[in-house]
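Written below as structure tokens is the structure these notes are about.
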Amino acid sequence: MVNQKGGVGKTTTAVNLSAALALSGQRTLLLDMDPQCNATTALGLEPTEGHALVRDSALAESIEKTETDGLSAVPGSRAFHDIDRLSTAGERESGRVRRHLDEAMEGYEYILIDCPPSVGELTQTALAASTEVLMPIQCEYFAMEGLTQLIQTIKRVIIETDGRLTFGGILLTMYDPALELTREVDEEVRDFFGDIVFDSVVPRDVSLSEAPSHGQTVFEYAPRSRGAYAYTQLCMEVLQRD
Ligand SMILES: Nc1ncnc2c1ncn2[C@@H]1O[C@H](COP(=O)(O)OP(=O)(O)O)[C@@H](O)[C@H]1O
Ligand SMILES: [Mg+2]
């Protein structure tokens, strides 16, 4: 989940899409790479002292089960110096993150990475270790502003990884079809990105913003909410695309 802006729904999507995938029977791992550790706490887990990805031991040893059957997570760490080590150019080249993930990959159908709100080294490390980028875009003024740099970065990583990384999808969040602004952003984003924009959209829903404070996914907190429905739809679309 990548977007250099904060507050667009990366973490909400990482947590609830992961949960939906797990509930649909896919063994799923959520990896928290944001030092804010919001995905970790949203799942009712504790951030760790040091990030599992900078340890030499296998990632499997740091994976924790969540309350959702089939969903495991690698908690984030708030230790910035530690996270920095992850993302030095040398680390990216030696591919520690990618090696760790490749090892862990066997046990999972899906691994989702929640990225910090930047195009910095951490995000680039995550991109270099990934096969698909999912970019949430909030239906707000200036939704597309600043995306050029991010798209450039993604394109560069796609070239560097010989096409291992692909553009997986764009997700419109905080969607309200009654608003002129939402309709404008929808049209602009679909004109620009075309088919990779998901048909599914995520409405503004208070259940989605309340669930994390209970350490729950939206499926535990409010399974009948619009938010739960939206992430179920998105999950089905992801499964159909793959
Ligand atoms: N669809 C939504 N409806 C209502 N609130 C949302 C929705 N998506 C996210 N939020 C809330 O908006 C804030 C930012 O979302 P978050 O997923 O943390 O964004 P990011 O990870 O991109 O910074 C959080 O408080 C979250 O609970
Ligand atoms: Mg976040």
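We label chains A, B, ... in the order they appear in the structure tokens, count residues from 1 in each chain, and number ligands from 1 in the order shown.
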Output as a tab-separated table one row per residue of chain A within 8 Å of ligand 2: the closest atom pair and its distance in Å to one decimal place, counting only C-alpha atoms and all ligand atoms, sorted by chain and residue number ascending.
residue	atom	partner	partner_atom_place_in_ligand_line	distance
A:Gly6	CA	ligand 2	1 (Mg)	6.5
A:Gly7	CA	ligand 2	1 (Mg)	6.8
A:Gly9	CA	ligand 2	1 (Mg)	6.9
A:Lys10	CA	ligand 2	1 (Mg)	5.2
A:Thr11	CA	ligand 2	1 (Mg)	4.1
A:Thr12	CA	ligand 2	1 (Mg)	7.3
A:Asp34	CA	ligand 2	1 (Mg)	6.8
A:Gln36	CA	ligand 2	1 (Mg)	7.3
A:Cys37	CA	ligand 2	1 (Mg)	7.8
A:Asn38	CA	ligand 2	1 (Mg)	6.0
A:Ala39	CA	ligand 2	1 (Mg)	7.0
A:Asp114	CA	ligand 2	1 (Mg)	6.8
A:Cys115	CA	ligand 2	1 (Mg)	6.8
A:Pro116	CA	ligand 2	1 (Mg)	6.0
A:Pro117	CA	ligand 2	1 (Mg)	6.7
Test item, alpha helix (DSSP H) assignment across range 42-186 of chain A, answer as an MDAnalysis selection string: chainID A and resid 42 80:86 89:94 96:105 121:128 147:160 180:186
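Among A:Tyr229, A:Tyr175, A:Phe167, A:Phe198, the residue with the shortest atom-to-atom distance to ligand 1, counting only C-alpha atoms and all ligand atoms, is A:Tyr175.
Proximity ranking of A:Ala126, A:Ile113, A:Met236, A:Ala79 relative to ligand 1 places A:Ile113 first, based on only C-alpha atoms and all ligand atoms.
Using only C-alpha atoms and all ligand atoms, the nearest neighbour of ligand 1 within the list A:Pro136, A:Gly146, A:Gly95, A:Pro47 is A:Pro136.
Taking atom 21 (O, counted along the ligand's line) of ligand 1 as the reference point, CA of Leu172 in chain A is found at 13.6 Å.
What separates CA of Glu67 in chain A from CA of Leu29 in chain A is a distance of 12.9 Å.
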Please identify all polymer residues within 8 Å of Tyr108 in chain A, counting only C-alpha atoms, omitting same-chain residues fewer than 3 positions from it, and present them as a ChimeraX atom specification. /A:26-29,104-105,111
Env of Thr68 in chain A: 10 Å cut, atoms = only C-alpha atoms, seq-sep filter 3 positions within chain, self excluded. Answer as a ChimeraX atom specification. /A:18-20,22-23,43,65,71-72,216-217,219-220
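The spacing separating CA of Gln149 in chain A from CA of Asn3 in chain A amounts to 10.5 Å.
Across A:Asn16, A:Thr182, A:Thr173, A:Thr148, the tightest approach to ligand 1 is made by A:Thr173 when counting only C-alpha atoms and all ligand atoms.
Every protein, DNA or RNA residue with an atom at most 12 Å from Cys139 in chain A, where only C-alpha atoms count and chain neighbours fewer than 6 positions away do not, is listed here: Gly7, Val8, Gly9, Glu145, Ile170, Leu171, Leu172, Thr173, Met174, Tyr175, Asp176, Pro177, Leu179, Glu180, Leu181, Thr182, Arg183, Glu184, Val185, Asp186, Glu187, Glu188, Val189, Val201, Val202, Pro203 and Arg204 of chain A.
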